[in-house]
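Heads up: the structure comes next, in structure tokens.
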Amino acid sequence: MNELSDALQNPQALITLAILLLAVVLFITGALAPELTGLLSVSLLMASGVLTPQTALAGFGSPALITLMGLFAVSAALFRSGALDRLRELIASERIKTPRRLIGLLALVVAPISGVVPNTPVVASLLPVIEAWCNKRRISPSRVLLPLSFATVLGGTLTLLGSSVNLLVSDISEQLGYGSLELFSFTAIGIPIWLAGTAYLLLAPQSLLPDRGRNSNLLTSSKDQTSYFTEVTIPADSHLVGQSIRNSRLQRRFDVDVLELQRGAERLLPPLADRKLEPDDRLLLRVTRADLLRLQQEHTVQLAAKEFKSSRDFSLSKTKPEEGQKTVEVLLPAGSTLAGASLRELRFRQRHNATVLALRRGQQTVQERLGQAVLREGDVLLLQAPLDSVRGLQASNDLLVLDQLENDLPTVRRKPLAISIAIAMLIVPTISPIPLVSAVLLAAIGMVVSGCLRPGELQRSIRLDVILLLGSLSSFSVAMQKSGLADALATSLQNSLDGWPTYLALLVIFLATTMLTQVISNAASVALLAPVAIQLSTGMQLPPTALLITVLFGASQSFLTPMGYQTNLMVFGPGRYRFLDVTRYGAGLTALMTLMVPALIIWHFGNS
């Protein structure tokens with residue numbers, strides 16, 4: 001610790017450490033969106049004089065970030081052209097009859113796709129297909145959705161394009177003077193990791209994956225029977241007025257649970273069975289999707305879904321589903337700017353031209369009124385909206401449409417062209433001096449010129465939140481290096497590991513990165529630990545790239561918590577998992593990766 005104390009005598013190191021700790025607190029608490037935390041940090045580093053504006057903002061113009069922007073466009077064109085249609089057909093075929101076979105397909109086919117296409121859109125595209133497969137086979141989605149997420153995570157470390165974190169590591173490596181990573185720089189390590197992970201997914205006891213569909217009396221395996229929370233009001237002319245909830249047609253005809261009755265300013269909680277209903281009573285219901293859509297056509301109650309569209313309007317006339325409207329599920333992914341606000345505060349209907357019918361939040365009960373419920377990452381909303389509005393939601397970074405829309409791939413005839421452009425993007429940099437960033441940008445332009453992607457869709461495909469986060473976080477690594485903080489931390493860590501075998505030292509670094517990734521984003525973990533790990537390379541007699549890739553795999557192989565990786569959170573709600581379900585299933589895989597990655601690093605790079 002003496003080295004760290006000496007380093008902190010330098011005001012720049014002290015300021016960098018203070019900003020670093022502030023960022024970690026904000027990442028863990030979620031007080032600010034991750035990209036805002038990144039922008040705040042880079043602003044403070046400039047304002048304090050630790051970094052010049054040119055140095056601090058260099059990450060926003062880095063080849064890695066530009067590559068990622070182009071990759072977003074290429075991925076959008078592939079999905080829009082129906083590049084995964086054949087895979088969808090294979091999943092729905094009669095050959096895939098059991099969860100084990102489906103998991104094998106996900107691990108052996110979907111994972112390699114995630115090596116060249118970001119895994120988030122892969123999971124988004126396959127979620128409705130797999131849910132339909134589960135419905136047809138009468139199998140709980142919880143049996144297969146976590147393997148879907150884990151398979152895409154394993155595939156994300158096959159090539160440089162598999163994850164935005166990979167590109168961030170490449171950017172940090174270049175900024176620190178070690179050169180950028182190549183497309184297949186760590187593929188020799190990624191392939192054994194993928195194969196070992198595939199073996200785990202296929203051989204792990206099925207008992208590690210819960211059967212949430214059969215274990216809960218509120219839920220069945222059918223998607224239409226998933227429980228949502230919504231509100232209804234009792235109109236003055238309803239024949240329910242004067243009836244008790246127990247004996248009402250509402251209770252007899254529909255599969256609903258009344259969780260709360262609001263009468264004026266009075267809030268009544270269960271038991272409510274003998275309460276008699278009065279005009280303008282408001283009921284908070286737990287109801288299935290199928291019954292909710294039937295309720296919408298009933299004249300005995302009124303859905304309160306549209307009530308929060310205006311602070312002055314507290315009623316809803318009797319409605320039927322409007323012509324041309326679609327009913328879809330949307331998920332709030334990690335990093336959604338909608339999280340932390342209520343539907344009323346967001347003016348959701350005006351903002352998205354969509355009506356929220358109900359809310360689902362994993363296994364939790366939502367007791368707030370629908371318009372006042374504060375949204376969280378992982379929430380699933382049931383929306384009704386015109387088809388054009390739903391298509392607009394598909395381009396949103398704040399909401400992920402889980403339903404597959406009919407005819408939503410208008411450029412299917414260009415599918416062979418889109419796939420050919422993507423393959424050329426991968427091959428050209430490997431057989432010619434053309435850099436990867438150039439190949440990706442040419443591919444993105446080719447997708448637009450060929451009609452595989454519209455210009456407006458290209459702009460909407462770029463995840464601005466990811467760009468802002470990665471562009472700002474690279475400044476952390478530079479600041480830690482220039483202020484001497486990285487050297488001091490590395491020296492302290494090296495002293496602690498003095499005399500340890502190289503394998504055990506790498507194991508500690510990998511595990512530390514993995515654990516940190518469970519509480520802050522994997523991009524933030526890389527930005528904080530990469531400059532420290534690089535300084536350890538000399539003592540371990542390994543090239544700096546070896547330590548960088550150790551951190552990369554530690555940040556990417558995240559299988560312990562729903563928050564550890566975006567795809568884990570994406571399947572958490574639809575699979576109706578509980579927090580420890582992810583830990584239980586992912587602990588063995590994490591242990592396997594912890595043992596394998598250091599050994600593969602030593603094998604690949606060797607002791608120099």
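FYI, nothing fancy with the structure tokens labels: chains A, B, ... in order, residues from 1 per chain, ligands from 1 as they appear.
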- Please identify all polymer residues within 7 Å of Ile534 (chain A), counting only C-alpha atoms, omitting same-chain residues fewer than 5 positions from it, and present them as a PyMOL selection string. chain A and resi 544+547-548
- Surrounding residues of Val449 (chain A) excluding itself and chain neighbours under 6 positions, 12 Å, only C-alpha atoms, as a count of residues only: 9
- Using only C-alpha atoms, which residues sit within 9 Å of Gly190 (chain A) once same-chain residues fewer than 2 positions away are excluded, as an NGL selection string? :A and (154-159 or 186-188 or 192-195 or 553)
Residues from last step as file, C-alpha atoms, as a PDB file, in the first residue's frame:
```
ATOM      1  CA  LEU A 154     -20.218 -17.616 -24.773  1.00  0.00           C
ATOM      2  CA  GLY A 155     -20.355 -16.792 -28.481  1.00  0.00           C
ATOM      3  CA  GLY A 156     -19.617 -13.126 -27.850  1.00  0.00           C
ATOM      4  CA  THR A 157     -15.932 -13.870 -27.202  1.00  0.00           C
ATOM      5  CA  LEU A 158     -15.306 -15.769 -30.449  1.00  0.00           C
ATOM      6  CA  THR A 159     -14.335 -12.654 -32.429  1.00  0.00           C
ATOM      7  CA  PHE A 186      -8.575 -14.120 -29.092  1.00  0.00           C
ATOM      8  CA  THR A 187     -10.494 -16.669 -31.179  1.00  0.00           C
ATOM      9  CA  ALA A 188      -8.011 -19.405 -30.240  1.00  0.00           C
ATOM     10  CA  PRO A 192     -12.271 -23.820 -26.352  1.00  0.00           C
ATOM     11  CA  ILE A 193     -14.290 -21.628 -23.984  1.00  0.00           C
ATOM     12  CA  TRP A 194     -17.333 -21.923 -26.263  1.00  0.00           C
ATOM     13  CA  LEU A 195     -16.954 -25.711 -26.577  1.00  0.00           C
ATOM     14  CA  PHE A 553     -13.050 -12.642 -20.716  1.00  0.00           C
TER      15      PHE A 553
END
```
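In this comparison, which uses only C-alpha atoms, the residue of A:Arg263, A:Thr233, A:Ser75, A:Thr29 approaching Ile462 (chain A) most closely is A:Ser75.
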- Of the candidates A:Val169, A:Leu382, A:Ala83, A:Leu370, which shows the shortest atom-to-atom distance to Lys415 (chain A), using only C-alpha atoms?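 Smallest separation from Lys415 (chain A) among the options: A:Ala83.
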